[in-house]
Amino acid sequence: MAGVTDPAMRRIAERYGASVTVSEMITAAGVARGDRETALRLAASDNTNLAPRVIQIAARDPIEIAAAARHAEEAGADWVDINMGCPCKRVTGGLAGAALMRDLDQATALIAAARAAIRVPLSVKMRLGWDDASRNAPELARRAESEGASLITVHGRTRQQFYTGRADWAAIASVKRTVSIPVVANGDCQSPEDAAQMLELSGADAVMVGRAAQGRPWLVGDIAHHLATGRRRPQPSLTERGAVAREHLDGLLSQMGAGAGLRHARKHLASYVDEAFEAASAEVAALRRALVTADSPEGAFRLIDAIFTDTQEAAA
C-alpha cells in the first residue's frame, strides 16, 4: 500500500476501530540512504494507544533488512512485517517482494536476520506463490514459523496475477493447515460480509483490508464491528465523509508540505468522492474534476465543502 496508508489515513482508520494499521512499505535501501520519503513512511499516526502499528519492509539483503528492522523498532513499531508479496516490477526487479517466493532459501535468510535483529514480533506477508505452477506459500509459511515469525498474511493471488481475477480465499487454507501461528487472509475484502466469508473459506484468524479502504478508512472498523457483533454499523453521512476528507488532506499538508501534500492527496480525495456517490450528478462530477486538479490547499478545502454538503446528499 505504498502511497496509500500514510499516517493521516492510519490515524483515521484507527479512530474508526481498525485493530491494527500497517505503514506504507519501506525499502531497506531507503532506510540505509536515510531519504525523506522513507522517513515520512516511518512516521507514527499519533494514535499510539488506539491500535498496534506495523512497519513493513521490502528487502533482498539480510544485512540490510536487519538494519532496517532495527530502525523500524526504534521508530516505534509494535511489530515488523517483511513484504514477500508485492507484485510490482520495480520491487520484484530488485529481487524483493514476491520475487522472494522464487528463492525460499533467500527468503528464509531474510526472516532469520530480521528476527535476530529486533525484540518486537516479526510477521511475513506473501502471496500464494509466483505463479500457478509454484504455489509454495505453505512451505514459505512453514519456514517463516521455524525462524520465529509470529504471524503470516497471505494474499489470495499469485504474483503473476497481479490484481486480476478474484483472490482465492479457499487456497489460503493450505497455509493455515501448515502452521500453528495466526494466519491473516488478504485480497478483495470489500465489505463486512466479504470478511466473514474469507474467514469461513480460509480458516484464517483475521482479515487484512487494503485497497478497499481508500476513500472509506472506516471500513476496517466496520468489519471488526460486524465480526464481533454480527451487525453492520451505520455508514457515515456525507457531512461526516467531508470532515474525514478534510482531516486527511490537512494531515498530508502538515506532514509533507503544501505542494507535495496536495499532490499526494489527490487520489485519496477522488476516492472519497467516488465512494460517497454511486452515480454522481453533473455538478458533483465537475466539482470532482476541479478537486483533483486544485492547485492550492485553500481551493481544495472549498471544493470539499461544496461536494460534501447536505444539499448534495439530498440530490444523491
# chains A, B, ... in the order shown; residues from 1 in each chain; ligands from 1
call {"tool": "closest_atom_pairs", "arguments": {"of": "region 119-171 of chain A", "to": "region 83-105 of chain A", "cutoff": "9 Å", "atoms": "only C-alpha atoms", "output": "Markdown table"}}
result
| residue | atom | partner | partner_atom | distance |
| --- | --- | --- | --- | --- |
| A:Ser123 | CA | A:Asn83 | CA | 9.0 |
| A:Val124 | CA | A:Asn83 | CA | 6.3 |
| A:Lys125 | CA | A:Asn83 | CA | 5.2 |
| A:Met126 | CA | A:Gly85 | CA | 4.1 |
| A:Arg127 | CA | A:Gly85 | CA | 5.0 |
| A:Leu128 | CA | A:Gly85 | CA | 8.7 |
| A:Gly129 | CA | A:Met101 | CA | 6.0 |
| A:Trp130 | CA | A:Met101 | CA | 6.0 |
| A:Ser134 | CA | A:Arg102 | CA | 8.3 |
| A:Arg135 | CA | A:Met101 | CA | 8.9 |
| A:Asn136 | CA | A:Met101 | CA | 7.3 |
| A:Ala137 | CA | A:Met101 | CA | 7.8 |
| A:Glu139 | CA | A:Leu104 | CA | 8.4 |
| A:Leu140 | CA | A:Leu104 | CA | 6.5 |
| A:Arg143 | CA | A:Leu104 | CA | 8.5 |
| A:Val154 | CA | A:Gly85 | CA | 8.1 |
| A:His155 | CA | A:Gly85 | CA | 7.4 |
| A:Thr158 | CA | A:Pro87 | CA | 8.6 |
| A:Arg159 | CA | A:Pro87 | CA | 5.2 |
| A:Gln160 | CA | A:Pro87 | CA | 7.6 |
| A:Gln161 | CA | A:Pro87 | CA | 8.6 |
| A:Phe162 | CA | A:Pro87 | CA | 5.9 |
| A:Tyr163 | CA | A:Pro87 | CA | 8.8 |
call {"tool": "select_by_dssp", "arguments": {"residues": "region 8-244 of chain A", "states": "alpha helix (DSSP H)", "output": "PyMOL selection string"}}
result
chain A and resi 8-15+28-33+36-42+62-74+89-92+104-117+137-146+173-178+192-202+219-229+238-244
call {"tool": "atom_distance", "arguments": {"atom1": "CA of Gly156 (chain A)", "atom2": "CA of Thr21 (chain A)"}}
result
19.8 Å
call {"tool": "closest_residue", "arguments": {"among": "A:Asp250, A:Asp274, A:Asp222, A:Glu73", "to": "Asp194 (chain A)", "atoms": "only C-alpha atoms"}}
result
A:Asp222
call {"tool": "closest_residue", "arguments": {"among": "A:Arg41, A:Arg241, A:Arg60, A:Arg70", "to": "Gly3 (chain A)", "atoms": "only C-alpha atoms"}}
result
A:Arg41
call {"tool": "closest_residue", "arguments": {"among": "A:Pro297, A:Leu40, A:Arg166, A:Leu50", "to": "Glu14 (chain A)", "atoms": "only C-alpha atoms"}}
result
A:Leu50
call {"tool": "residues_around", "arguments": {"residues": "Ala300 (chain A)", "least_positions_apart": "4", "cutoff": "10 Å", "atoms": "only C-alpha atoms", "output": "ChimeraX atom specification"}}
result
/A:246,249,262,265-266,269,290-296,304-306
call {"tool": "write_last_selection", "arguments": {"atoms": "C-alpha atoms", "output": "short mmCIF file (atom, residue, chain, number, x, y, z; two decimals), in the first residue's frame"}}
result
data_model
loop_
_atom_site.label_atom_id
_atom_site.label_comp_id
_atom_site.auth_asym_id
_atom_site.auth_seq_id
_atom_site.Cartn_x
_atom_site.Cartn_y
_atom_site.Cartn_z
CA ARG A 246 -10.69 17.50 5.22
CA LEU A 249 -5.90 16.50 3.49
CA LEU A 262 -1.79 18.32 -2.12
CA ALA A 265 -3.92 13.80 -1.51
CA ARG A 266 -5.49 13.84 -4.97
CA LEU A 269 -9.81 12.91 -2.40
CA ALA A 290 -11.77 20.60 -10.06
CA LEU A 291 -10.82 18.97 -6.75
CA VAL A 292 -8.24 16.59 -8.22
CA THR A 293 -6.63 19.43 -10.15
CA ALA A 294 -6.79 22.07 -7.42
CA ASP A 295 -3.53 24.00 -7.20
CA SER A 296 -3.94 25.38 -3.68
CA ILE A 304 -14.53 19.51 -0.39
CA ASP A 305 -17.09 21.68 1.41
CA ALA A 306 -19.03 22.17 -1.84
#
call {"tool": "atom_distance", "arguments": {"atom1": "CA of Ile55 (chain A)", "atom2": "CA of Ala112 (chain A)"}}
result
17.2 Å
call {"tool": "residues_around", "arguments": {"residues": "Ala285 (chain A)", "least_positions_apart": "2", "cutoff": "12 Å", "atoms": "only C-alpha atoms", "output": "number ranges by chain"}}
result
A: 270, 273-274, 276-283, 287-292, 303, 306-307, 312
